[in-house]
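Below is protein-v4.cif, which holds mmCIF, C-alpha atoms.
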```cif
data_model
loop_
_atom_site.label_atom_id
_atom_site.label_comp_id
_atom_site.auth_asym_id
_atom_site.auth_seq_id
_atom_site.Cartn_x
_atom_site.Cartn_y
_atom_site.Cartn_z
CA MET A 1411 22.19 -14.80 -34.05
CA ARG A 1412 23.28 -11.19 -34.10
CA TYR A 1413 22.38 -9.21 -31.00
CA SER A 1414 22.50 -5.46 -30.38
CA THR A 1415 21.56 -3.12 -27.56
CA ILE A 1416 19.94 0.24 -28.18
CA ILE A 1417 18.51 2.91 -25.90
CA LEU A 1418 15.14 4.52 -26.59
CA SER A 1419 13.27 7.16 -24.63
CA LEU A 1420 11.25 5.82 -21.72
CA VAL A 1421 7.59 6.29 -20.94
CA VAL A 1422 6.67 5.44 -17.33
CA ILE A 1423 3.08 4.66 -16.46
CA CYS A 1424 1.92 5.40 -12.90
CA ALA A 1425 5.11 6.87 -11.45
CA CYS A 1426 4.63 8.08 -7.86
CA GLU A 1427 6.47 9.83 -5.07
CA ARG A 1428 5.79 10.20 -1.39
CA GLN A 1429 7.11 12.14 1.55
CA ILE A 1430 5.95 11.54 5.11
CA GLU A 1431 7.23 13.53 8.05
CA THR A 1432 6.40 13.80 11.72
CA ALA A 1433 7.77 16.48 13.97
CA PRO A 1434 7.99 17.33 17.67
CA ARG A 1435 6.24 20.46 18.90
CA ASP A 1436 7.02 22.73 21.84
CA MET A 1437 3.52 24.01 22.52
CA HIS A 1438 1.59 24.68 25.70
CA GLY A 1439 0.66 21.29 27.17
CA LEU A 1440 0.36 19.59 23.78
CA PRO A 1441 1.93 16.20 23.03
CA ASP A 1442 4.65 15.87 20.44
CA ILE A 1443 3.41 14.82 17.02
CA ASN A 1444 4.84 11.32 16.93
CA ALA A 1445 3.46 7.80 17.07
CA GLY A 1446 4.22 7.22 20.76
CA ASP A 1447 2.58 10.39 22.05
CA MET A 1448 -0.44 9.87 19.79
CA ALA A 1449 -0.96 6.31 21.12
CA LEU A 1450 -0.89 7.63 24.68
CA MET A 1451 -3.36 10.35 23.73
CA LEU A 1452 -5.77 7.77 22.24
CA SER A 1453 -5.63 5.74 25.46
CA GLU A 1454 -6.67 8.82 27.44
CA LEU A 1455 -9.69 9.65 25.27
CA PRO A 1456 -13.18 8.64 26.49
CA ILE A 1457 -13.70 6.39 23.48
CA GLY A 1458 -17.08 4.69 23.32
CA MET A 1459 -19.03 2.51 20.93
CA GLU A 1460 -19.77 5.41 18.60
CA GLN A 1461 -16.08 6.08 18.00
CA LEU A 1462 -15.21 2.38 17.76
CA LYS A 1463 -17.72 1.98 14.95
CA GLU A 1464 -16.34 5.05 13.21
CA VAL A 1465 -12.79 3.73 13.21
CA HIS A 1466 -13.91 0.24 12.21
CA SER A 1467 -15.91 1.58 9.29
CA ALA A 1468 -12.96 3.67 8.12
CA VAL A 1469 -10.41 0.84 8.23
CA SER A 1470 -12.93 -1.50 6.57
CA SER A 1471 -13.43 1.05 3.80
CA SER A 1472 -9.66 1.34 3.31
CA SER A 1473 -9.42 -2.43 3.05
CA GLU A 1474 -12.23 -2.58 0.49
CA ASN A 1475 -10.33 0.01 -1.56
CA GLY A 1476 -7.26 -2.20 -1.66
CA TYR A 1477 -5.28 -0.47 1.10
CA ASP A 1478 -4.30 -1.59 4.58
CA GLU A 1479 -6.67 -1.46 7.56
CA GLU A 1480 -5.93 2.19 8.29
CA TYR A 1481 -7.59 5.49 9.25
CA LEU A 1482 -5.55 8.59 8.52
CA MET A 1483 -5.40 11.44 11.03
CA ARG A 1484 -6.12 13.61 8.03
CA ASP A 1485 -9.44 11.87 7.47
CA ILE A 1486 -10.30 11.82 11.17
CA PHE A 1487 -10.42 15.62 11.04
CA LEU A 1488 -11.36 16.35 7.43
CA ASN A 1489 -13.55 13.41 6.42
CA PRO A 1490 -14.71 11.45 9.50
CA GLY A 1491 -15.42 7.80 8.86
CA ALA A 1492 -13.80 7.74 5.41
CA GLY A 1493 -11.15 5.20 4.48
CA VAL A 1494 -8.13 5.67 2.25
CA GLY A 1495 -9.22 5.88 -1.37
CA SER A 1496 -12.84 6.82 -0.59
CA ALA A 1497 -14.12 9.67 -2.69
CA GLY A 1498 -16.61 10.66 0.01
CA THR A 1499 -17.34 9.80 3.60
CA LYS A 1500 -18.70 6.46 4.76
CA ALA A 1501 -19.34 7.90 8.20
CA GLY A 1502 -23.07 7.28 8.36
CA SER A 1503 -25.40 7.80 11.30
CA TYR A 1504 -22.92 6.73 13.98
CA VAL A 1505 -20.86 9.92 13.49
CA THR A 1506 -23.21 12.46 15.03
CA GLU A 1507 -22.21 14.75 17.87
CA ASN A 1508 -19.07 12.92 18.99
CA PRO A 1509 -16.83 11.67 16.19
CA MET A 1510 -13.19 10.91 16.98
CA LYS A 1511 -12.19 14.41 15.90
CA SER A 1512 -14.38 15.94 18.64
CA LEU A 1513 -12.82 13.78 21.34
CA ILE A 1514 -9.32 14.68 20.17
CA GLU A 1515 -10.11 18.39 19.87
CA ASP A 1516 -11.64 18.50 23.36
CA TYR A 1517 -8.64 16.65 24.80
CA LEU A 1518 -6.13 18.98 23.13
CA ARG A 1519 -8.14 22.09 24.00
CA SER A 1520 -8.15 21.22 27.69
CA ARG A 1521 -4.37 20.69 27.55
CA VAL A 1522 -3.49 23.87 25.71
CA MET A 1523 -5.87 26.14 27.61
CA THR A 1524 -4.64 24.85 30.96
CA LYS A 1525 -1.11 25.88 29.99
CA GLY A 1526 -2.00 29.35 28.76
CA GLY A 1527 -2.42 28.63 25.07
CA ASP A 1528 -5.19 29.79 22.75
CA GLU A 1529 -7.43 28.61 19.90
CA GLU A 1530 -4.99 29.81 17.25
CA GLU A 1531 -2.25 27.64 18.73
CA LEU A 1532 -4.64 24.69 18.85
CA ALA A 1533 -5.65 25.19 15.21
CA SER A 1534 -2.01 25.31 14.15
CA TYR A 1535 -1.31 22.08 16.00
CA ILE A 1536 -4.26 20.28 14.41
CA ASP A 1537 -3.16 21.45 10.96
CA GLU A 1538 0.24 19.91 11.56
CA LEU A 1539 -1.30 16.72 12.92
CA THR A 1540 -3.50 16.28 9.85
CA GLY A 1541 -0.47 16.69 7.60
CA SER A 1542 1.79 14.38 9.60
CA GLY A 1543 0.97 11.13 7.78
CA LEU A 1544 0.15 9.46 11.11
CA GLN A 1545 -2.76 7.05 11.24
CA ILE A 1546 -4.60 4.44 13.26
CA TYR A 1547 -3.77 0.96 11.96
CA TRP A 1548 -6.13 -1.83 13.08
CA PRO A 1549 -4.74 -5.26 12.11
CA PHE A 1550 -7.20 -8.15 11.87
CA SER A 1551 -10.08 -5.68 12.15
CA ASP A 1552 -12.40 -8.03 10.25
CA SER A 1553 -12.50 -10.32 13.30
CA TRP A 1554 -13.63 -7.61 15.75
CA ASP A 1555 -16.55 -8.76 17.89
CA GLY A 1556 -18.21 -5.34 17.78
CA LYS A 1557 -17.78 -4.54 21.47
CA THR A 1558 -14.26 -5.16 22.84
CA MET A 1559 -12.15 -2.06 23.45
CA PRO A 1560 -8.77 -2.01 21.71
CA LEU A 1561 -5.33 -1.90 23.23
CA MET A 1562 -3.30 1.12 22.09
CA THR A 1563 0.30 0.95 20.90
CA PHE A 1564 2.63 2.45 18.27
CA ASP A 1565 5.32 1.55 15.79
CA PRO A 1566 8.61 1.61 17.72
CA GLY A 1567 10.55 2.11 14.50
CA THR A 1568 12.57 -1.08 14.96
CA ASP A 1569 12.22 -4.71 13.97
CA SER A 1570 11.01 -5.63 17.46
CA GLN A 1571 7.98 -7.92 17.53
CA SER A 1572 6.69 -6.49 20.82
CA ASN A 1573 6.21 -2.98 22.18
CA GLU A 1574 4.68 -1.25 25.16
CA GLY A 1575 1.12 -0.13 24.89
CA TYR A 1576 -1.90 0.86 26.92
CA GLU A 1577 -4.94 -0.98 28.18
CA VAL A 1578 -8.05 0.86 29.34
CA PHE A 1579 -10.02 -0.77 32.14
CA VAL A 1580 -12.51 0.11 34.89
CA ASP A 1581 -11.30 -0.48 38.44
CA ALA A 1582 -13.30 -1.80 41.41
CA ALA A 1583 -14.42 1.73 42.26
CA GLY A 1584 -15.83 2.23 38.77
CA GLN A 1585 -13.04 4.58 37.71
CA ARG A 1586 -11.55 4.51 34.22
CA ARG A 1587 -7.87 3.56 34.36
CA VAL A 1588 -5.01 3.09 31.92
CA LYS A 1589 -2.17 0.64 32.49
CA LYS A 1590 0.91 -0.23 30.46
CA VAL A 1591 1.10 -3.65 28.80
CA MET A 1592 3.43 -5.35 26.32
CA ILE A 1593 1.72 -5.98 22.99
CA THR A 1594 2.55 -8.60 20.35
CA GLU A 1595 1.05 -9.63 17.03
CA SER A 1596 -0.42 -12.76 18.59
CA MET A 1597 -2.35 -10.52 21.00
CA ALA A 1598 -3.61 -8.47 18.05
CA ARG A 1599 -4.99 -11.66 16.51
CA GLU A 1600 -6.95 -12.42 19.68
CA ARG A 1601 -8.28 -8.97 20.60
CA PRO A 1602 -8.44 -5.55 18.93
CA VAL A 1603 -5.27 -3.45 18.86
CA TRP A 1604 -4.85 0.04 17.45
CA VAL A 1605 -1.32 0.83 16.27
CA VAL A 1606 -0.32 4.43 15.57
CA ASN A 1607 2.12 4.42 12.68
CA SER A 1608 3.01 6.37 9.55
CA ASN A 1609 1.06 5.84 6.37
CA ASP A 1610 2.95 4.10 3.55
CA ASP A 1611 0.43 3.63 0.78
CA SER A 1612 -2.19 6.39 0.53
CA GLU A 1613 -0.25 8.31 -2.14
CA PHE A 1614 -0.44 5.34 -4.52
CA LYS A 1615 -3.43 4.02 -6.41
CA THR A 1616 -4.38 0.40 -5.84
CA LEU A 1617 -5.78 -1.77 -8.60
CA GLU A 1618 -9.24 -1.35 -7.07
CA ILE A 1619 -8.97 2.43 -7.42
CA LEU A 1620 -7.50 2.20 -10.93
CA ARG A 1621 -10.35 -0.04 -11.99
CA ARG A 1622 -12.81 2.40 -10.48
CA ASP A 1623 -11.21 5.20 -12.50
CA HIS A 1624 -11.30 3.05 -15.64
CA PRO A 1625 -14.59 1.08 -15.63
CA ASP A 1626 -13.77 -0.51 -19.00
CA TRP A 1627 -11.10 -2.59 -17.23
CA GLY A 1628 -13.82 -4.50 -15.39
CA GLN A 1629 -14.16 -5.26 -11.70
CA GLY A 1630 -11.62 -6.87 -9.37
CA GLY A 1631 -11.58 -10.65 -9.64
CA THR A 1632 -13.05 -10.72 -13.16
CA VAL A 1633 -11.45 -10.65 -16.58
CA ILE A 1634 -10.36 -7.10 -17.25
CA VAL A 1635 -9.53 -7.45 -20.95
CA LYS A 1636 -12.41 -7.75 -23.36
CA SER A 1637 -11.98 -8.79 -26.97
CA ASP A 1638 -14.33 -8.42 -29.89
CA GLY A 1639 -12.35 -10.90 -31.97
CA ALA A 1640 -10.70 -8.20 -34.04
CA GLY A 1641 -7.04 -7.20 -34.04
CA ASP A 1642 -3.71 -8.31 -35.49
CA SER A 1643 -3.04 -12.03 -35.73
CA GLY A 1644 -0.65 -13.28 -33.08
CA VAL A 1645 -1.05 -10.32 -30.72
CA LYS A 1646 -1.48 -11.43 -27.12
CA SER A 1647 -2.10 -9.81 -23.75
CA LEU A 1648 -0.34 -10.71 -20.50
CA LEU A 1649 -2.25 -10.84 -17.22
CA MET A 1650 -1.06 -11.35 -13.66
CA LYS A 1651 -3.88 -13.60 -12.50
CA ASP A 1652 -3.01 -13.93 -8.81
CA PHE A 1653 -0.37 -13.15 -6.20
CA VAL A 1654 0.77 -15.10 -3.12
CA MET A 1655 3.16 -13.71 -0.49
CA LYS A 1656 5.08 -16.30 1.53
CA ARG A 1657 6.37 -13.99 4.29
CA HIS A 1658 6.12 -10.42 5.52
CA TYR A 1659 9.14 -8.19 5.13
CA ASP A 1660 8.62 -5.68 7.95
CA SER A 1661 7.67 -5.57 11.62
CA TRP A 1662 3.95 -6.09 12.17
CA PHE A 1663 3.72 -2.61 13.73
CA ARG A 1664 4.23 -1.15 10.25
CA GLY A 1665 1.25 -2.97 8.84
CA ALA A 1666 0.85 -4.74 5.53
CA SER A 1667 3.56 -5.41 2.98
CA GLU A 1668 3.38 -3.10 -0.02
CA PHE A 1669 4.77 -4.71 -3.15
CA PHE A 1670 5.36 -2.89 -6.40
CA VAL A 1671 5.15 -4.93 -9.57
CA LYS A 1672 6.86 -3.38 -12.59
CA CYS A 1673 7.01 -4.68 -16.14
CA GLY A 1674 9.06 -2.94 -18.85
CA CYS A 1675 8.71 -3.68 -22.55
CA VAL A 1676 7.93 -2.25 -25.99
CA GLU A 1677 4.25 -2.89 -26.54
CA ASN A 1678 2.66 -3.40 -29.96
CA PHE A 1679 6.08 -3.68 -31.58
CA THR A 1680 5.81 -4.29 -35.36
CA ALA A 1681 8.90 -2.53 -36.79
CA SER A 1682 10.28 -4.08 -39.98
CA THR A 1683 13.50 -2.02 -40.18
CA GLU A 1684 16.00 -0.57 -37.73
CA ALA A 1685 14.89 2.91 -38.77
CA GLU A 1686 11.30 2.13 -37.77
CA MET A 1687 12.49 1.07 -34.33
CA ARG A 1688 13.08 4.74 -33.51
CA LEU A 1689 9.32 5.22 -33.60
CA TYR A 1690 8.90 3.01 -30.52
CA SER A 1691 9.58 3.77 -26.87
CA PRO A 1692 9.69 1.30 -23.99
CA SER A 1693 7.03 1.67 -21.31
CA VAL A 1694 6.70 0.54 -17.70
CA THR A 1695 3.52 -0.81 -16.12
CA ASP A 1696 3.80 -0.08 -12.40
CA PHE A 1697 1.20 -0.94 -9.76
CA MET A 1698 0.98 -1.63 -6.04
CA VAL A 1699 -0.09 -4.87 -4.34
CA VAL A 1700 -1.01 -4.55 -0.65
CA VAL A 1701 -0.87 -7.84 1.29
CA LYS A 1702 -2.36 -7.62 4.78
CA ARG A 1703 -0.98 -9.39 7.85
CA SER A 1704 -3.72 -12.02 7.65
CA GLN A 1705 -3.00 -12.85 4.00
CA VAL A 1706 0.35 -14.66 4.29
CA GLY A 1707 0.15 -17.70 2.00
CA VAL A 1708 -3.27 -16.65 0.66
CA LYS A 1709 -3.81 -16.58 -3.10
CA ILE A 1710 -5.08 -13.10 -3.93
CA PRO A 1711 -6.83 -12.72 -7.32
CA PHE A 1712 -5.79 -9.63 -9.28
CA ASN A 1713 -6.24 -10.13 -13.05
CA ALA A 1714 -3.93 -7.16 -13.59
CA LEU A 1715 -3.03 -6.28 -17.16
CA LEU A 1716 0.76 -6.10 -17.53
CA ILE A 1717 1.08 -5.97 -21.32
CA SER A 1718 -1.87 -5.25 -23.57
CA GLU A 1719 -0.20 -6.07 -26.91
CA TRP A 1720 2.55 -8.68 -26.86
CA THR A 1721 3.39 -9.11 -30.56
CA PRO A 1722 5.37 -12.05 -32.01
CA GLN A 1723 8.40 -9.73 -32.35
CA LEU A 1724 8.59 -9.10 -28.59
CA GLU A 1725 10.98 -11.76 -27.26
CA SER A 1726 11.34 -10.79 -23.60
CA VAL A 1727 10.28 -8.20 -21.03
CA ALA A 1728 11.94 -6.87 -17.87
CA PHE A 1729 10.13 -7.79 -14.64
CA LEU A 1730 10.73 -6.42 -11.14
CA ILE A 1731 9.03 -7.02 -7.78
CA THR A 1732 10.04 -4.86 -4.82
CA GLU A 1733 8.75 -4.52 -1.27
CA ASP A 1734 8.49 -0.82 -0.52
CA ASP A 1735 10.81 0.57 2.15
CA GLY A 1736 11.13 4.14 0.87
CA GLY A 1737 14.23 6.23 0.38
CA SER A 1738 15.37 8.33 -2.55
CA LYS A 1739 14.44 7.42 -6.09
CA THR A 1740 16.64 5.20 -8.20
CA SER A 1741 16.05 2.64 -10.95
CA TRP A 1742 17.10 -0.72 -12.29
CA LYS A 1743 18.42 -0.53 -15.85
CA ALA A 1744 17.07 -3.64 -17.50
CA GLU A 1745 16.51 -4.85 -21.04
CA THR A 1746 13.52 -5.84 -23.09
CA THR A 1747 14.26 -7.75 -26.29
CA VAL A 1748 12.65 -7.37 -29.71
CA LYS A 1749 13.32 -8.99 -33.08
CA VAL A 1750 13.56 -7.29 -36.48
CA ASN A 1751 14.36 -9.39 -39.59
CA SER A 1752 15.76 -12.29 -37.54
CA LYS A 1753 18.04 -9.95 -35.59
CA SER A 1754 17.50 -9.43 -31.83
CA TYR A 1755 17.84 -6.04 -30.16
CA GLY A 1756 18.10 -5.36 -26.45
CA ILE A 1757 16.35 -2.11 -25.55
CA VAL A 1758 17.30 -0.49 -22.25
CA VAL A 1759 14.41 0.33 -19.93
CA ASP A 1760 14.58 1.97 -16.47
CA LEU A 1761 12.34 0.37 -13.85
CA PRO A 1762 11.87 2.86 -10.98
CA MET A 1763 12.41 1.86 -7.35
CA ASN A 1764 13.60 3.32 -4.03
CA VAL A 1765 17.09 2.86 -2.62
CA ARG A 1766 15.81 1.12 0.54
CA ASP A 1767 13.38 -1.18 -1.25
CA GLU A 1768 13.87 -4.91 -0.85
CA ILE A 1769 14.21 -6.63 -4.21
CA VAL A 1770 11.94 -9.67 -4.16
CA TRP A 1771 12.77 -10.71 -7.74
CA ARG A 1772 14.10 -9.17 -10.94
CA GLY A 1773 14.95 -10.60 -14.33
CA SER A 1774 13.55 -11.28 -17.80
CA LEU A 1775 10.34 -13.02 -18.75
CA THR A 1776 10.64 -14.52 -22.23
CA SER A 1777 7.87 -15.30 -24.67
CA ARG A 1778 8.98 -18.94 -24.53
CA PHE A 1779 8.62 -18.98 -20.74
CA MET A 1780 5.19 -17.39 -20.95
CA ASP A 1781 3.93 -19.89 -23.50
CA ARG A 1782 5.26 -22.83 -21.51
CA TYR A 1783 3.94 -21.71 -18.12
CA ASN A 1784 0.73 -20.05 -19.21
CA GLY A 1785 -1.72 -20.45 -16.32
CA VAL A 1786 0.86 -22.24 -14.14
CA THR A 1787 1.88 -20.77 -10.78
CA SER A 1788 5.59 -19.80 -10.80
CA HIS A 1789 7.93 -18.91 -7.96
CA PHE A 1790 9.63 -15.51 -7.74
CA GLY A 1791 11.58 -15.38 -4.49
CA ASP A 1792 9.08 -15.20 -1.62
CA VAL A 1793 6.20 -14.54 -4.02
CA ASP A 1794 4.19 -16.92 -6.22
CA ILE A 1795 2.50 -15.53 -9.33
CA THR A 1796 0.25 -17.05 -11.96
CA PHE A 1797 0.52 -15.43 -15.37
CA GLU A 1798 -1.99 -15.90 -18.16
CA ILE A 1799 -1.63 -15.07 -21.83
CA ILE A 1800 -4.88 -14.39 -23.65
#
```
Please express the file's structure as structure tokens.
Amino acid sequence: MRYSTIILSLVVICACERQIETAPRDMHGLPDINAGDMALMLSELPIGMEQLKEVHSAVSSSSENGYDEEYLMRDIFLNPGAGVGSAGTKAGSYVTENPMKSLIEDYLRSRVMTKGGDEEELASYIDELTGSGLQIYWPFSDSWDGKTMPLMTFDPGTDSQSNEGYEVFVDAAGQRRVKKVMITESMARERPVWVVNSNDDSEFKTLEILRRDHPDWGQGGTVIVKSDGAGDSGVKSLLMKDFVMKRHYDSWFRGASEFFVKCGCVENFTASTEAEMRLYSPSVTDFMVVVKRSQVGVKIPFNALLISEWTPQLESVAFLITEDDGGSKTSWKAETTVKVNSKSYGIVVDLPMNVRDEIVWRGSLTSRFMDRYNGVTSHFGDVDITFEII
């Protein structure tokens, strides 16, 4: 068999960038804008049931939208009660006179005014806080009993599995007190814990959001490709039916694992001559899979469309799974293979990734492999995936 490699222009679907920064501030009596100082601030707020329900609703909304259990500082001030990916607020009646933003503003105002600051300085600080990318992360929030106060901690920025935090309690004299405690993930499974960390996923669209933007794809957990029986003979579609993560890649303080699944190929390829090949460009399907701390080993249904038109001439596709760790943009130069008049051609395709990303798996998926393991769970490093060809 003759085999050649050619390079065509690349079309990338759903390419994204992010930039998250936090910064110290030298302002009158105000805490630095970092995770540690924000956790201490939360422990000193007079948080009650009203605010607990607000935060719980927000992290629940984020989870329903396919993100982690998180409540952005941005939304605390600009859209109280709303989770990541929510078009509007889910605040409801419990956010009345005292949402979280009011408690934080009152706390900061008392600090800045005591030290000779003014409202303009306070407003500037809050603007920076809302743009910091910091958030409240509430792991295992779906098991909250509806009354227990959370412990407060923060992402230490290391791989440590424990970190200092704060517990609020009422002493024998009826006074509200705060004491330092060491917090672990096992504690977070047994009682509520709020972790202040930096957001990693809000700039990306989850499959739930993409399906919401494109109702014709169907709803999560149902078949998203509909056929009327028409179309070219032999043309197939490739779905990722489900996704199982065997282990987390980061410290639990950083929250869920964010995987990016990327598939590069030349869709609907029907060229009959080498000249016609120039009419085709490779494309990359790129989407995010968020796996929460409680979902290790759990089969998560996705029914995500990877390739809409896999023709008989498409012999293999490039497939990449990464766990997002940020860094500057780079790519993996891979190949997708097509056949024209019994001759195979390798077409170079760039699959985007970040320099610090962990590569879970990368390689080629052939049409022969797909036919043989259609509907069968396959192993890709620390991830199991079931593909289906329809």
### Task
Using all atoms listed in the file, find the one residue out of A:Trp1548, A:Phe1679, A:Tyr1481, A:Phe1797 that sits nearest to Leu1775 in chain A.
A:Phe1797
### Message
I'd like to see the residues matched by the PyMOL selection byres ((chain A and resi 1449) around 7) on this file, and ideally I'd get them as a PyMOL selection string.
### Response
chain A and resi 1445-1448+1450-1453+1562-1564+1606
### Distance query Gly1493 in chain A at most 12 Å, only C-alpha atoms, self and fewer than 5 positions along chain excluded, as a PyMOL selection string
chain A and resi 1464-1486+1488+1498-1501+1545-1547+1612
### Query
Exactly which residues make up the result of the PyMOL selection byres ((chain A and resi 1456) around 10) on this file, given as an MDAnalysis selection string?
chainID A and resid 1452:1455 1457:1458 1461 1510 1513:1514 1517 1578 1586
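Take CA of Ser1691 in chain A and CA of Leu1724 in chain A: the distance between them is 13.0 Å.
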### Task
Specify as an MDAnalysis selection string each residue included when the PyMOL selection byres ((chain A and resi 1769-1773) around 7) is applied to this file.
chainID A and resid 1728:1733 1767:1768 1774:1775 1790:1792
### Task
Name the residues within 12 Å of (-4.4, -0.5, -8.3), counting all atoms listed in the file in the file's coordinates, and put them as an MDAnalysis selection string.
chainID A and resid 1424 1474:1477 1495 1611:1624 1627 1629:1630 1668:1671 1695:1700 1712:1716
What would range 1774-1781 of chain A look like with all heavy atoms restored, written as an mmCIF file, in the frame of the given file?
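The new file out.cif reads:
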```cif
data_model
loop_
_atom_site.group_PDB
_atom_site.id
_atom_site.type_symbol
_atom_site.label_atom_id
_atom_site.label_comp_id
_atom_site.auth_asym_id
_atom_site.auth_seq_id
_atom_site.Cartn_x
_atom_site.Cartn_y
_atom_site.Cartn_z
ATOM 1 N N SER A 1774 14.278 -11.335 -16.528
ATOM 2 C CA SER A 1774 13.550 -11.280 -17.800
ATOM 3 C C SER A 1774 12.497 -12.376 -17.849
ATOM 4 O O SER A 1774 12.703 -13.488 -17.349
ATOM 5 C CB SER A 1774 14.522 -11.462 -18.970
ATOM 6 O OG SER A 1774 15.443 -10.398 -19.037
ATOM 7 N N LEU A 1775 11.387 -12.049 -18.447
ATOM 8 C CA LEU A 1775 10.340 -13.020 -18.750
ATOM 9 C C LEU A 1775 10.292 -13.147 -20.270
ATOM 10 O O LEU A 1775 10.000 -12.178 -20.973
ATOM 11 C CB LEU A 1775 8.994 -12.563 -18.209
ATOM 12 C CG LEU A 1775 8.900 -12.298 -16.701
ATOM 13 C CD1 LEU A 1775 7.509 -11.787 -16.351
ATOM 14 C CD2 LEU A 1775 9.230 -13.550 -15.905
ATOM 15 N N THR A 1776 10.596 -14.326 -20.782
ATOM 16 C CA THR A 1776 10.640 -14.520 -22.230
ATOM 17 C C THR A 1776 9.304 -15.004 -22.757
ATOM 18 O O THR A 1776 8.482 -15.566 -22.014
ATOM 19 C CB THR A 1776 11.726 -15.534 -22.600
ATOM 20 O OG1 THR A 1776 11.368 -16.820 -22.073
ATOM 21 C CG2 THR A 1776 13.096 -15.113 -22.032
ATOM 22 N N SER A 1777 9.095 -14.813 -24.039
ATOM 23 C CA SER A 1777 7.870 -15.300 -24.670
ATOM 24 C C SER A 1777 7.796 -16.820 -24.586
ATOM 25 O O SER A 1777 6.714 -17.399 -24.417
ATOM 26 C CB SER A 1777 7.809 -14.840 -26.127
ATOM 27 O OG SER A 1777 8.951 -15.282 -26.843
ATOM 28 N N ARG A 1778 8.949 -17.481 -24.647
ATOM 29 C CA ARG A 1778 8.980 -18.940 -24.530
ATOM 30 C C ARG A 1778 8.534 -19.389 -23.136
ATOM 31 O O ARG A 1778 7.772 -20.348 -22.990
ATOM 32 C CB ARG A 1778 10.391 -19.442 -24.830
ATOM 33 C CG ARG A 1778 10.529 -20.960 -24.827
ATOM 34 C CD ARG A 1778 11.943 -21.361 -25.177
ATOM 35 N NE ARG A 1778 12.107 -22.803 -25.152
ATOM 36 C CZ ARG A 1778 13.240 -23.428 -25.390
ATOM 37 N NH1 ARG A 1778 14.341 -22.713 -25.672
ATOM 38 N NH2 ARG A 1778 13.319 -24.739 -25.347
ATOM 39 N N PHE A 1779 9.023 -18.674 -22.105
ATOM 40 C CA PHE A 1779 8.620 -18.980 -20.740
ATOM 41 C C PHE A 1779 7.114 -18.792 -20.575
ATOM 42 O O PHE A 1779 6.421 -19.621 -19.970
ATOM 43 C CB PHE A 1779 9.378 -18.081 -19.756
ATOM 44 C CG PHE A 1779 8.907 -18.168 -18.333
ATOM 45 C CD1 PHE A 1779 9.405 -19.132 -17.471
ATOM 46 C CD2 PHE A 1779 7.958 -17.276 -17.839
ATOM 47 C CE1 PHE A 1779 8.975 -19.225 -16.153
ATOM 48 C CE2 PHE A 1779 7.513 -17.345 -16.529
ATOM 49 C CZ PHE A 1779 8.025 -18.336 -15.681
ATOM 50 N N MET A 1780 6.604 -17.692 -21.109
ATOM 51 C CA MET A 1780 5.190 -17.390 -20.950
ATOM 52 C C MET A 1780 4.309 -18.439 -21.633
ATOM 53 O O MET A 1780 3.273 -18.852 -21.095
ATOM 54 C CB MET A 1780 4.879 -16.000 -21.517
ATOM 55 C CG MET A 1780 5.421 -14.874 -20.667
ATOM 56 S SD MET A 1780 4.745 -14.955 -18.994
ATOM 57 C CE MET A 1780 5.630 -13.618 -18.227
ATOM 58 N N ASP A 1781 4.713 -18.869 -22.804
ATOM 59 C CA ASP A 1781 3.930 -19.890 -23.500
ATOM 60 C C ASP A 1781 3.960 -21.217 -22.748
ATOM 61 O O ASP A 1781 2.945 -21.920 -22.662
ATOM 62 C CB ASP A 1781 4.479 -20.082 -24.916
ATOM 63 C CG ASP A 1781 4.150 -18.905 -25.838
ATOM 64 O OD1 ASP A 1781 3.157 -18.213 -25.561
ATOM 65 O OD2 ASP A 1781 4.893 -18.692 -26.811
#
```
